[in-house]
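Structure data (mmCIF, C-alpha atoms) from upload-v1.cif:
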```cif
data_upload
loop_
_atom_site.label_atom_id
_atom_site.label_comp_id
_atom_site.auth_asym_id
_atom_site.auth_seq_id
_atom_site.Cartn_x
_atom_site.Cartn_y
_atom_site.Cartn_z
CA MET A 93 27.45 -17.42 4.14
CA LYS A 94 24.86 -14.69 4.57
CA LYS A 95 21.83 -14.57 2.31
CA LYS A 96 21.93 -11.21 0.50
CA ILE A 97 18.46 -9.66 0.12
CA ILE A 98 17.62 -6.38 -1.57
CA CYS A 99 14.19 -4.91 -0.92
CA ILE A 100 12.90 -2.34 -3.40
CA GLU A 101 10.34 0.27 -2.27
CA SER A 102 8.62 3.11 -4.12
CA SER A 103 6.25 4.72 -1.61
CA ARG A 104 5.17 5.44 1.96
CA ALA A 105 2.46 2.77 1.66
CA GLU A 106 4.92 0.03 0.68
CA HIS A 107 7.22 0.94 3.55
CA SER A 108 4.34 0.72 6.00
CA HIS A 109 3.47 -2.79 4.84
CA LEU A 110 7.09 -3.96 4.73
CA PHE A 111 8.38 -2.31 7.91
CA TRP A 112 8.14 -5.21 10.36
CA VAL A 113 9.15 -7.83 7.78
CA LEU A 114 12.31 -5.79 7.21
CA LYS A 115 12.90 -5.40 10.94
CA GLU A 116 12.61 -9.16 11.44
CA LEU A 117 15.01 -9.87 8.56
CA GLU A 118 17.45 -7.19 9.69
CA ALA A 119 17.69 -8.81 13.13
CA GLU A 120 18.86 -12.14 11.68
CA PRO A 121 22.66 -12.66 11.61
CA CYS A 122 22.32 -14.87 8.52
CA ILE A 123 20.72 -12.09 6.46
CA ASP A 124 22.44 -9.21 4.66
CA LEU A 125 19.55 -6.81 4.05
CA SER A 126 19.60 -3.53 2.17
CA LEU A 127 17.03 -1.30 0.45
CA VAL A 128 16.78 0.46 -2.89
CA LEU A 129 14.35 3.39 -2.93
CA VAL A 130 12.67 4.54 -6.12
CA GLY A 131 9.89 6.78 -7.39
CA GLY A 132 7.70 8.65 -4.93
CA HIS A 133 10.02 7.98 -2.00
CA LEU A 134 12.40 10.59 -3.42
CA VAL A 135 9.98 13.37 -4.42
CA SER A 136 9.28 16.29 -2.10
CA GLU A 137 5.62 16.65 -3.07
CA PHE A 138 5.04 13.08 -1.87
CA GLY A 139 6.79 13.89 1.40
CA ASN A 140 10.34 12.80 0.50
CA THR A 141 9.64 9.67 2.53
CA ALA A 142 13.13 8.32 1.87
CA GLN A 143 14.08 10.37 4.94
CA LEU A 144 11.61 8.36 7.04
CA VAL A 145 13.16 5.10 5.85
CA ARG A 146 16.62 6.37 6.80
CA GLN A 147 15.32 7.43 10.23
CA ASP A 148 14.07 3.88 10.71
CA GLY A 149 17.70 2.79 10.52
CA PHE A 150 17.64 0.63 7.39
CA THR A 151 20.65 0.38 5.09
CA ILE A 152 19.92 2.29 1.88
CA LEU A 153 21.99 0.66 -0.84
CA ASP A 154 20.96 3.04 -3.61
CA THR A 155 18.22 5.34 -4.88
CA ILE A 156 16.60 5.82 -8.28
CA GLU A 157 14.97 9.15 -9.12
CA SER A 158 12.36 8.21 -11.69
CA ILE A 159 9.25 10.40 -11.32
CA MET A 160 8.65 12.60 -14.37
CA ALA A 161 7.18 16.10 -14.25
CA SER A 162 4.48 14.96 -16.68
CA ASP A 163 1.22 14.00 -14.92
CA SER A 164 0.37 11.46 -17.64
CA ASP A 165 0.67 7.84 -18.70
CA LEU A 166 3.60 8.88 -20.93
CA GLY A 167 5.47 10.07 -17.83
CA THR A 168 4.65 6.81 -16.06
CA SER A 169 5.92 4.79 -19.01
CA ILE A 170 9.17 6.75 -19.17
CA SER A 171 9.62 6.26 -15.41
CA PHE A 172 9.26 2.52 -16.00
CA GLY A 173 12.16 2.64 -18.44
CA ILE A 174 14.35 4.71 -16.10
CA ILE A 175 13.83 2.23 -13.27
CA SER A 176 14.55 -0.76 -15.53
CA LEU A 177 17.88 0.68 -16.65
CA ALA A 178 18.99 1.79 -13.19
CA ILE A 179 17.96 -1.34 -11.29
CA ALA A 180 19.77 -3.54 -13.82
CA LYS A 181 23.03 -1.73 -13.03
CA ILE A 182 22.39 -2.02 -9.27
CA PHE A 183 21.68 -5.74 -9.50
CA ASP A 184 24.78 -6.24 -11.63
CA ARG A 185 26.98 -4.50 -9.06
CA HIS A 186 25.56 -6.20 -5.98
CA ARG A 187 24.18 -9.56 -7.20
CA PRO A 188 21.57 -10.31 -4.50
CA ASP A 189 20.50 -13.86 -3.69
CA LEU A 190 16.88 -12.69 -3.49
CA ILE A 191 14.90 -9.53 -4.05
CA LEU A 192 11.84 -8.62 -1.99
CA ILE A 193 8.98 -6.60 -3.49
CA LEU A 194 5.39 -5.87 -2.55
CA GLY A 195 2.17 -5.32 -4.41
CA ASP A 196 1.19 -4.06 -7.79
CA ARG A 197 2.96 -0.84 -8.69
CA TYR A 198 4.48 -0.30 -12.14
CA GLU A 199 7.83 0.37 -10.43
CA MET A 200 7.81 -3.21 -9.11
CA LEU A 201 6.93 -4.58 -12.54
CA ALA A 202 10.10 -2.91 -13.87
CA VAL A 203 12.12 -4.38 -10.99
CA GLY A 204 10.61 -7.83 -11.40
CA SER A 205 11.18 -7.86 -15.16
CA VAL A 206 14.87 -7.05 -14.74
CA ALA A 207 15.30 -9.60 -11.92
CA THR A 208 13.74 -12.27 -14.15
CA LEU A 209 16.15 -11.53 -17.00
CA MET A 210 19.10 -11.47 -14.58
CA ARG A 211 18.06 -14.79 -12.98
CA ILE A 212 17.46 -13.38 -9.50
CA PRO A 213 14.72 -15.11 -7.43
CA ILE A 214 11.82 -12.87 -6.39
CA VAL A 215 9.89 -12.84 -3.11
CA HIS A 216 6.48 -11.20 -3.58
CA ILE A 217 4.05 -10.00 -0.88
CA HIS A 218 0.35 -9.20 -1.47
CA GLY A 219 -0.10 -11.19 -4.66
CA GLY A 220 -3.36 -12.83 -5.72
CA GLU A 221 -5.49 -9.77 -5.00
CA SER A 222 -7.77 -7.99 -7.42
CA THR A 223 -8.29 -4.30 -8.20
CA GLU A 224 -10.44 -4.31 -11.30
CA GLY A 225 -10.42 -0.56 -11.87
CA LEU A 226 -6.65 -0.22 -12.23
CA VAL A 227 -3.77 -1.18 -14.48
CA ASP A 228 -2.38 -2.60 -11.23
CA GLU A 229 -4.64 -5.64 -11.76
CA ALA A 230 -2.53 -6.87 -14.67
CA ILE A 231 0.73 -5.73 -13.11
CA ARG A 232 0.16 -7.66 -9.87
CA HIS A 233 -0.54 -10.93 -11.68
CA ALA A 234 2.43 -10.44 -14.00
CA ILE A 235 4.70 -10.04 -10.96
CA THR A 236 3.20 -13.20 -9.47
CA LYS A 237 4.21 -15.22 -12.53
CA MET A 238 7.76 -13.85 -12.26
CA SER A 239 8.05 -14.61 -8.54
CA HIS A 240 9.30 -17.69 -6.72
CA LEU A 241 8.05 -17.23 -3.15
CA HIS A 242 4.59 -15.81 -2.48
CA PHE A 243 2.97 -14.33 0.63
CA ALA A 244 -0.75 -13.76 0.19
CA SER A 245 -2.79 -11.80 2.71
CA THR A 246 -5.80 -14.17 2.75
CA GLN A 247 -6.53 -17.81 2.00
CA MET A 248 -8.58 -16.86 -1.07
CA TYR A 249 -5.68 -14.88 -2.51
CA ALA A 250 -3.30 -17.77 -1.86
CA GLN A 251 -5.63 -20.10 -3.75
CA ARG A 252 -5.78 -17.65 -6.63
CA ILE A 253 -1.97 -17.69 -6.88
CA ILE A 254 -2.02 -21.50 -6.97
CA HIS A 255 -4.71 -21.41 -9.67
CA MET A 256 -2.28 -19.29 -11.69
CA GLY A 257 0.06 -22.28 -11.75
CA GLU A 258 2.36 -21.50 -8.82
CA SER A 259 3.54 -24.36 -6.64
CA PRO A 260 1.54 -24.70 -3.39
CA ASP A 261 4.86 -25.35 -1.62
CA HIS A 262 5.90 -21.77 -2.40
CA VAL A 263 2.61 -20.03 -1.51
CA PHE A 264 1.88 -18.91 2.06
CA HIS A 265 -0.89 -16.91 3.73
CA PHE A 266 -0.02 -15.38 7.09
CA GLY A 267 -2.11 -12.21 6.72
CA ALA A 268 -1.26 -8.65 5.73
CA PRO A 269 2.08 -7.61 7.31
CA GLY A 270 0.95 -3.98 7.55
CA LEU A 271 -1.33 -5.02 10.41
CA ASP A 272 1.75 -5.79 12.50
CA ASN A 273 2.17 -2.01 12.82
CA ILE A 274 -1.22 -1.77 14.50
CA LYS A 275 -0.58 -4.63 16.90
CA ARG A 276 2.90 -3.45 17.94
CA MET A 277 2.33 0.31 17.89
CA SER A 278 2.09 2.84 20.69
CA PHE A 279 -0.49 5.29 19.35
CA TYR A 280 -0.45 9.06 19.68
CA SER A 281 -3.23 10.59 21.76
CA LYS A 282 -5.56 13.20 20.27
CA GLU A 283 -3.67 15.95 22.11
CA GLU A 284 -0.30 14.69 20.87
CA LEU A 285 -1.57 14.58 17.29
CA GLU A 286 -2.95 18.10 17.51
CA LYS A 287 0.37 19.42 18.79
CA ASP A 288 2.47 17.40 16.34
CA LEU A 289 0.38 18.28 13.27
CA GLY A 290 -0.44 21.83 14.33
CA ILE A 291 -4.19 21.37 13.94
CA LYS A 292 -7.37 21.22 16.04
CA ILE A 293 -9.29 17.95 15.82
CA GLN A 294 -13.01 18.29 16.44
CA SER A 295 -15.36 15.34 16.24
CA PRO A 296 -16.36 13.80 13.92
CA LEU A 297 -12.98 13.18 12.30
CA VAL A 298 -12.96 12.09 8.66
CA LEU A 299 -9.88 10.72 6.88
CA SER A 300 -9.79 10.83 3.09
CA THR A 301 -7.38 9.46 0.51
CA PHE A 302 -8.39 9.36 -3.13
CA HIS A 303 -6.03 8.02 -5.80
CA PRO A 304 -6.32 8.18 -9.59
CA VAL A 305 -8.45 5.52 -11.28
CA THR A 306 -5.97 4.48 -13.95
CA LEU A 307 -8.34 2.51 -16.20
CA GLU A 308 -10.69 5.48 -16.49
CA PRO A 309 -8.42 8.20 -17.94
CA GLY A 310 -9.76 11.71 -17.53
CA GLN A 311 -12.43 10.67 -15.01
CA SER A 312 -10.49 10.88 -11.73
CA SER A 313 -10.89 14.66 -11.51
CA LYS A 314 -14.67 14.36 -11.91
CA TYR A 315 -14.85 11.72 -9.20
CA MET A 316 -12.73 13.85 -6.90
CA ASN A 317 -15.06 16.79 -7.45
CA ASN A 318 -18.02 14.57 -6.52
CA LEU A 319 -16.23 13.49 -3.33
CA LEU A 320 -15.38 17.06 -2.35
CA THR A 321 -18.96 18.17 -2.98
CA ALA A 322 -20.15 15.44 -0.63
CA LEU A 323 -17.60 16.38 2.04
CA GLU A 324 -18.54 20.07 1.73
CA SER A 325 -21.83 19.32 3.47
CA LEU A 326 -20.19 17.70 6.51
CA ASN A 327 -19.59 19.57 9.75
CA ALA A 328 -16.41 17.69 10.57
CA THR A 329 -12.65 17.81 10.78
CA ILE A 330 -11.40 16.41 7.47
CA ILE A 331 -7.82 15.26 6.92
CA PHE A 332 -6.64 14.46 3.39
CA THR A 333 -3.50 12.55 2.47
CA TYR A 334 -1.72 13.00 -0.85
CA PRO A 335 -2.80 10.98 -3.93
CA ASN A 336 -0.18 8.55 -5.17
CA GLN A 337 2.23 9.04 -8.05
CA ASP A 338 0.01 7.67 -10.83
CA ALA A 339 -0.97 9.76 -13.84
CA GLU A 340 -3.45 12.52 -12.84
CA GLY A 341 -2.35 12.37 -9.18
CA ARG A 342 -0.97 15.90 -9.22
CA SER A 343 -4.21 17.37 -10.59
CA LEU A 344 -6.16 15.64 -7.82
CA ALA A 345 -3.81 17.18 -5.26
CA GLU A 346 -4.53 20.64 -6.66
CA GLN A 347 -8.28 20.07 -6.27
CA ILE A 348 -7.80 19.09 -2.63
CA LYS A 349 -5.63 22.14 -1.93
CA GLU A 350 -8.27 24.44 -3.40
CA PHE A 351 -10.96 22.77 -1.30
CA CYS A 352 -8.93 23.10 1.90
CA ASN A 353 -8.38 26.80 1.21
CA LYS A 354 -12.14 27.34 1.17
CA LYS A 355 -13.45 25.07 3.93
CA ILE A 356 -12.49 25.41 7.58
CA GLN A 357 -11.32 22.40 9.61
CA THR A 358 -9.85 20.74 6.52
CA TYR A 359 -6.18 19.78 6.29
CA PHE A 360 -3.95 18.29 3.60
CA PHE A 361 -0.70 16.40 4.33
CA ASN A 362 1.67 15.02 1.72
CA THR A 363 2.79 12.41 4.22
CA LEU A 364 1.95 11.57 7.83
CA GLY A 365 4.30 8.70 8.60
CA ILE A 366 3.24 5.30 9.87
CA ARG A 367 2.57 6.14 13.52
CA ARG A 368 0.63 9.36 12.91
CA TYR A 369 -1.45 7.80 10.13
CA TYR A 370 -2.55 4.80 12.17
CA SER A 371 -3.12 6.99 15.22
CA LEU A 372 -5.50 9.07 13.13
CA MET A 373 -7.23 5.92 11.90
CA LYS A 374 -7.71 4.83 15.50
CA LEU A 375 -9.20 8.22 16.39
CA ALA A 376 -11.30 8.70 13.23
CA ASN A 377 -15.05 8.32 12.95
CA LEU A 378 -15.08 7.73 9.20
CA MET A 379 -12.79 7.05 6.26
CA VAL A 380 -13.76 8.04 2.71
CA GLY A 381 -11.90 7.46 -0.56
CA ASN A 382 -10.45 4.61 -2.60
CA SER A 383 -7.24 3.69 -0.77
CA SER A 384 -6.22 0.12 0.02
CA SER A 385 -5.82 1.13 3.69
CA GLY A 386 -9.59 1.58 3.75
CA ILE A 387 -9.89 -2.07 2.78
CA ILE A 388 -6.98 -3.76 4.55
CA GLU A 389 -6.13 -1.88 7.75
CA SER A 390 -9.44 -0.21 8.64
CA GLY A 391 -11.05 -3.40 9.94
CA SER A 392 -8.52 -3.59 12.76
CA PHE A 393 -10.00 -0.36 14.13
CA SER A 394 -13.67 -1.20 13.38
CA LEU A 395 -13.53 2.03 11.38
CA PRO A 396 -16.47 2.76 9.04
CA VAL A 397 -15.28 3.18 5.45
CA VAL A 398 -16.91 4.50 2.28
CA ASN A 399 -14.99 2.93 -0.59
CA ILE A 400 -15.67 4.91 -3.76
CA GLY A 401 -15.81 3.60 -7.30
CA GLU A 402 -13.87 0.92 -9.16
CA ARG A 403 -10.34 1.28 -7.83
CA GLN A 404 -10.58 -1.39 -5.13
CA ARG A 405 -13.30 -3.48 -6.76
CA GLY A 406 -12.51 -7.17 -6.40
CA ARG A 407 -10.70 -6.96 -3.07
CA ILE A 408 -12.01 -8.77 -0.02
CA ALA A 409 -13.47 -6.20 2.36
CA GLY A 410 -14.62 -6.39 5.98
CA LYS A 411 -18.17 -5.62 7.04
CA ASN A 412 -17.03 -2.10 8.02
CA VAL A 413 -16.73 -1.15 4.33
CA ILE A 414 -19.63 0.30 2.33
CA HIS A 415 -19.02 0.34 -1.42
CA SER A 416 -20.29 3.45 -3.16
CA ASP A 417 -20.65 4.61 -6.74
CA SER A 418 -18.65 7.71 -7.67
CA ASP A 419 -21.51 10.23 -7.85
CA THR A 420 -22.13 12.71 -5.02
CA GLN A 421 -25.52 11.35 -3.95
CA SER A 422 -24.21 7.78 -3.65
CA ILE A 423 -21.25 8.98 -1.59
CA LEU A 424 -23.52 10.98 0.76
CA LYS A 425 -25.91 8.05 1.15
CA SER A 426 -23.01 5.74 2.05
CA ILE A 427 -21.59 8.28 4.53
CA ASN A 428 -24.96 8.47 6.30
CA ILE A 429 -25.11 4.68 6.55
CA CYS A 430 -21.58 4.53 7.99
CA LEU A 431 -22.36 7.15 10.66
CA SER A 432 -25.63 5.52 11.75
CA GLN A 433 -25.78 3.91 15.19
CA GLU A 434 -27.12 0.69 13.69
CA PHE A 435 -24.08 0.35 11.42
CA LEU A 436 -21.62 1.27 14.16
CA LEU A 437 -23.08 -1.39 16.44
CA SER A 438 -22.93 -3.99 13.66
CA ILE A 439 -19.16 -3.60 13.19
CA LYS A 440 -18.15 -3.24 16.84
CA ASN A 441 -15.31 -5.68 17.69
CA MET A 442 -15.35 -7.06 14.13
CA LYS A 443 -12.65 -9.42 12.85
CA ASN A 444 -10.34 -8.12 10.16
CA PRO A 445 -10.29 -10.56 7.19
CA TYR A 446 -6.62 -9.66 6.61
CA GLY A 447 -5.37 -11.13 9.86
CA ASP A 448 -4.46 -10.20 13.40
CA GLY A 449 -1.03 -8.60 13.05
CA ASP A 450 1.25 -11.63 13.36
CA ALA A 451 2.38 -11.98 9.74
CA ALA A 452 5.82 -10.33 9.68
CA LYS A 453 7.70 -12.81 11.83
CA LEU A 454 6.28 -15.77 9.88
CA ILE A 455 7.08 -14.17 6.53
CA ALA A 456 10.65 -13.40 7.59
CA LYS A 457 11.20 -16.92 8.93
CA THR A 458 9.97 -18.44 5.67
CA ILE A 459 12.26 -16.19 3.61
CA ILE A 460 15.23 -17.10 5.80
CA ASN A 461 14.56 -20.82 5.37
CA PHE A 462 13.80 -20.63 1.64
CA PRO A 463 16.32 -22.94 -0.08
CA LEU A 464 18.39 -21.49 -2.91
CA SER A 465 19.91 -23.75 -5.54
CA SER A 466 20.33 -24.08 -9.28
CA GLU A 467 16.74 -25.38 -9.34
CA THR A 468 15.16 -22.34 -7.63
CA LEU A 469 14.52 -20.47 -10.88
CA LYS A 470 13.06 -23.49 -12.70
CA LYS A 471 9.32 -23.10 -12.21
CA LYS A 472 6.95 -25.91 -13.11
CA PHE A 473 3.32 -25.07 -13.83
CA HIS A 474 1.14 -26.49 -11.09
CA SER A 475 -2.26 -27.50 -12.39
CA ALA A 476 -5.00 -26.83 -9.82
CA ILE A 477 -7.57 -28.57 -12.04
CA ASN A 478 -8.54 -32.06 -10.84
#
```
Please go through the file and, once you have read it, give me the structure as structure tokens.
Amino acid sequence: MKKKIICIESSRAEHSHLFWVLKELEAEPCIDLSLVLVGGHLVSEFGNTAQLVRQDGFTILDTIESIMASDSDLGTSISFGIISLAIAKIFDRHRPDLILILGDRYEMLAVGSVATLMRIPIVHIHGGESTEGLVDEAIRHAITKMSHLHFASTQMYAQRIIHMGESPDHVFHFGAPGLDNIKRMSFYSKEELEKDLGIKIQSPLVLSTFHPVTLEPGQSSKYMNNLLTALESLNATIIFTYPNQDAEGRSLAEQIKEFCNKKIQTYFFNTLGIRRYYSLMKLANLMVGNSSSGIIESGSFSLPVVNIGERQRGRIAGKNVIHSDSDTQSILKSINICLSQEFLLSIKNMKNPYGDGDAAKLIAKTIINFPLSSETLKKKFHSAIN
């Protein structure tokens, strides 16, 4: 009998990380894989990335439109309730043997909560990490305690999961599966990117993604203004990607649009897709913002990164990452360090702490071989204290 797996995704970033794991599972005759898309995947201002998932050929079992018009924590909370209600009905109709989720989004907390109540085992990728400036910190660890099979991206994160009481037999660390994209990808050339995106790329090229800082309500707009003031002084091509669907994300997008209307050689894309995004990372001279891709994927390109503020605080970072406070002067100082010849030489051919791009096949194989029985849901607390 085939093992029925439903993977739930809410964003372009999740799909990028999950892509090769899903491809490996899809290729197995013993696996019945389908996807449920929620949240930002279905909203035009975030690029309507559900279309990209369909183009990748995956079976879309269902969709849940959950994003509220309100750019607030009330809208986020209501979205949580919408997802909980809808995913319960989907699980009841289709009764998966396992569900697969990634990361720390509130959408996945809703999914995990329902799966727990409906006695469906959970496979979780990217647990054990820390982002001290976000509500995601608590969400990620809550999902870990609901989950039954864990794939951490580093040894330290795997140990953290075990310290939370999870059985070492169910905790694995093969690296970050998003890096498999980089290892397996055929990148666009500069000329192909210019034609495809309809822009002119002049060196230096700066990539910027800045998301809301959810534990500092009302401050994200100020931090964005500080970032834009710093970037104003650069003679560079600057490409922005859209903030995510957290509260205050829409207001940040409006600030970026206004900036791009005033400064030449600046561009704003609501989505780039996996291949274009990584091709730009490969071509870029600098990355500035507070996105997890500046922590996890950037090291594979030896790409200098200015990581701003508290959003990613607590995550393991490669030596290509300079951590900056959120004020303009600190950002400018960090940019100058990243563009210095001394710094560039120090990170040349660096090793990415999140792996070498061979995680997906190992993750898929472990999921395929994961035994399911009446005992699967009965979790015993593993004490890591000697």
For the PyMOL selection byres ((chain A and resi 150) around 10), applied here, can you spell out every residue it catches as number ranges by chain? A: 111, 114-115, 118, 125-127, 144-149, 151-153
Where does the PyMOL selection byres ((chain A and resi 363) around 12) land in this file, that is, which residues does it pick, as a PyMOL selection string? chain A and resi 103-105+108+132-133+135-144+289+301+331-336+359-362+364-369
Selection to disk with C-alpha atoms, as a PDB file, keeping the file's coordinate frame:
```
ATOM      1  CA  SER A 103       6.250   4.720  -1.610  1.00  0.00           C
ATOM      2  CA  ARG A 104       5.170   5.440   1.960  1.00  0.00           C
ATOM      3  CA  ALA A 105       2.460   2.770   1.660  1.00  0.00           C
ATOM      4  CA  SER A 108       4.340   0.720   6.000  1.00  0.00           C
ATOM      5  CA  GLY A 132       7.700   8.650  -4.930  1.00  0.00           C
ATOM      6  CA  HIS A 133      10.020   7.980  -2.000  1.00  0.00           C
ATOM      7  CA  VAL A 135       9.980  13.370  -4.420  1.00  0.00           C
ATOM      8  CA  SER A 136       9.280  16.290  -2.100  1.00  0.00           C
ATOM      9  CA  GLU A 137       5.620  16.650  -3.070  1.00  0.00           C
ATOM     10  CA  PHE A 138       5.040  13.080  -1.870  1.00  0.00           C
ATOM     11  CA  GLY A 139       6.790  13.890   1.400  1.00  0.00           C
ATOM     12  CA  ASN A 140      10.340  12.800   0.500  1.00  0.00           C
ATOM     13  CA  THR A 141       9.640   9.670   2.530  1.00  0.00           C
ATOM     14  CA  ALA A 142      13.130   8.320   1.870  1.00  0.00           C
ATOM     15  CA  GLN A 143      14.080  10.370   4.940  1.00  0.00           C
ATOM     16  CA  LEU A 144      11.610   8.360   7.040  1.00  0.00           C
ATOM     17  CA  LEU A 289       0.380  18.280  13.270  1.00  0.00           C
ATOM     18  CA  THR A 301      -7.380   9.460   0.510  1.00  0.00           C
ATOM     19  CA  ILE A 331      -7.820  15.260   6.920  1.00  0.00           C
ATOM     20  CA  PHE A 332      -6.640  14.460   3.390  1.00  0.00           C
ATOM     21  CA  THR A 333      -3.500  12.550   2.470  1.00  0.00           C
ATOM     22  CA  TYR A 334      -1.720  13.000  -0.850  1.00  0.00           C
ATOM     23  CA  PRO A 335      -2.800  10.980  -3.930  1.00  0.00           C
ATOM     24  CA  ASN A 336      -0.180   8.550  -5.170  1.00  0.00           C
ATOM     25  CA  TYR A 359      -6.180  19.780   6.290  1.00  0.00           C
ATOM     26  CA  PHE A 360      -3.950  18.290   3.600  1.00  0.00           C
ATOM     27  CA  PHE A 361      -0.700  16.400   4.330  1.00  0.00           C
ATOM     28  CA  ASN A 362       1.670  15.020   1.720  1.00  0.00           C
ATOM     29  CA  LEU A 364       1.950  11.570   7.830  1.00  0.00           C
ATOM     30  CA  GLY A 365       4.300   8.700   8.600  1.00  0.00           C
ATOM     31  CA  ILE A 366       3.240   5.300   9.870  1.00  0.00           C
ATOM     32  CA  ARG A 367       2.570   6.140  13.520  1.00  0.00           C
ATOM     33  CA  ARG A 368       0.630   9.360  12.910  1.00  0.00           C
ATOM     34  CA  TYR A 369      -1.450   7.800  10.130  1.00  0.00           C
TER      35      TYR A 369
END
```
Just the residues within 10 Å of segment 439-442 of chain A, please, counting only C-alpha atoms, with nothing from its chain fewer than 6 positions along; format it as a compact mmCIF listing (two decimals) with C-alpha atoms, keeping the file's coordinate frame.
```
# COMPACT_ATOMS: atom_id res chain seq x y z
CA GLY A 391 -11.05 -3.40 9.94
CA SER A 392 -8.52 -3.59 12.76
CA PHE A 393 -10.00 -0.36 14.13
CA SER A 394 -13.67 -1.20 13.38
CA LEU A 395 -13.53 2.03 11.38
CA PRO A 396 -16.47 2.76 9.04
CA GLY A 410 -14.62 -6.39 5.98
CA LYS A 411 -18.17 -5.62 7.04
CA ASN A 412 -17.03 -2.10 8.02
CA VAL A 413 -16.73 -1.15 4.33
CA CYS A 430 -21.58 4.53 7.99
```
Can you translate the PyMOL selection byres ((chain A and resi 179) around 9) into the concrete residues it hits in this file, as a PyMOL selection string? chain A and resi 128+156+174-178+180-184+202-203+206-207
If you count only C-alpha atoms, which residues fall within 12 Å of Pro121 of chain A, apart from same-chain ones fewer than 6 positions away, as a PDB file with C-alpha atoms, in the frame of the given file?
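Contents of the output file part.pdb:
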```
ATOM      1  CA  MET A  93      27.450 -17.420   4.140  1.00  0.00           C
ATOM      2  CA  LYS A  94      24.860 -14.690   4.570  1.00  0.00           C
ATOM      3  CA  LYS A  95      21.830 -14.570   2.310  1.00  0.00           C
ATOM      4  CA  LYS A  96      21.930 -11.210   0.500  1.00  0.00           C
ATOM      5  CA  ILE A 460      15.230 -17.100   5.800  1.00  0.00           C
TER       6      ILE A 460
END
```
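Reported to one decimal place, the separation of atom CA of Val130 of chain A from atom CA of Ile100 of chain A is 7.4 Å.
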Quick one: what's the axis-aligned box for segment 364-378 of chain A, all listed atoms, 8 Å on every side, centre and edges in Å to one decimal, as lines of an AutoDock Vina configuration file?
```
center_x = -5.4
center_y = 8.2
center_z = 12.1
size_x = 35.4
size_y = 22.8
size_z = 24.6
```
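Atom to atom, atom CA of Asn399 of chain A and atom CA of Ser383 of chain A stand 7.8 Å apart.
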Residue contacts of segment 266-275 of chain A (7 Å, all atoms listed in the file) excluding same-chain residues fewer than 3 positions away, as a list in words: Ser108, His109, Leu110, Trp112, Ala244, Ser245, Thr246, Glu389, Tyr446, Gly447, Asp448, Gly449, Asp450, Ala451, Ala452 and Leu454 of chain A
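As for atom CA of His218 of chain A and atom CA of His415 of chain A, they are spaced 21.6 Å apart.
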Could you give me, as a PyMOL selection string, the residues within 7 Å of Pro296 of chain A, counting all atoms listed in the file and dropping anything in the same chain fewer than 3 positions from it? chain A and resi 328-329+377
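Closest to Phe279 of chain A among A:His474, A:Gly406, A:Thr420, A:Ser371 is A:Ser371, based on only C-alpha atoms.
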Compile a residue-level contact table for segment 216-304 of chain A against segment 340-344 of chain A at a cut-off of 9 Å, reporting for every qualifying residue the shortest atom pair and its distance in Å to one decimal, with all atoms listed in the file counted, rows ordered by chain and ascending number, as JSON lines.
```
{"residue": "A:Phe302", "atom": "CA", "partner": "A:Leu344", "partner_atom": "CA", "distance": 8.1}
{"residue": "A:His303", "atom": "CA", "partner": "A:Gly341", "partner_atom": "CA", "distance": 6.6}
{"residue": "A:Pro304", "atom": "CA", "partner": "A:Gly341", "partner_atom": "CA", "distance": 5.8}
```
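Counting all atoms listed in the file, the residue from A:Gly225, A:Gly310, A:Gly220, A:Pro260 that sits nearest to Ile400 of chain A is A:Gly225.
With only C-alpha atoms as the atoms that count, the residue of A:Ala119, A:Leu378, A:Met210, A:Ile159 with the shortest distance to Ser432 of chain A is A:Leu378.
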Quick one: which segment 365-448 of chain A residues come within 12 Å of segment 227-241 of chain A, and what is the nearest atom pair for each with the distance in Å to one decimal, counting all atoms listed in the file, rows ordered by chain and ascending number, as a tab-separated table?
```
residue	atom	partner	partner_atom	distance
A:Glu402	CA	A:Val227	CA	11.6
A:Arg403	CA	A:Asp228	CA	9.5
A:Gln404	CA	A:Glu229	CA	9.9
A:Arg405	CA	A:Glu229	CA	10.2
A:Gly406	CA	A:Glu229	CA	9.6
A:Arg407	CA	A:Glu229	CA	10.7
```
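With all atoms listed in the file as the atoms that count, the minimum distance from Glu101 of chain A to the choices A:Arg197, A:Lys453, A:Lys443, A:Lys287 is reached by A:Arg197.
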Output file request: segment 261-273 of chain A, with C-alpha atoms, as an mmCIF file, in the first residue's frame.
```
data_model
loop_
_atom_site.group_PDB
_atom_site.id
_atom_site.type_symbol
_atom_site.label_atom_id
_atom_site.label_comp_id
_atom_site.auth_asym_id
_atom_site.auth_seq_id
_atom_site.Cartn_x
_atom_site.Cartn_y
_atom_site.Cartn_z
ATOM 1 C CA ASP A 261 16.123 8.087 16.766
ATOM 2 C CA HIS A 262 13.692 10.510 15.108
ATOM 3 C CA VAL A 263 16.063 13.477 14.693
ATOM 4 C CA PHE A 264 18.296 13.805 11.617
ATOM 5 C CA HIS A 265 20.653 16.471 10.276
ATOM 6 C CA PHE A 266 21.437 16.274 6.576
ATOM 7 C CA GLY A 267 21.712 20.023 5.946
ATOM 8 C CA ALA A 268 19.311 22.586 4.525
ATOM 9 C CA PRO A 269 17.390 21.096 1.556
ATOM 10 C CA GLY A 270 17.151 24.497 -0.132
ATOM 11 C CA LEU A 271 20.848 24.196 -0.961
ATOM 12 C CA ASP A 272 20.034 21.299 -3.282
ATOM 13 C CA ASN A 273 18.637 23.928 -5.667
#
```
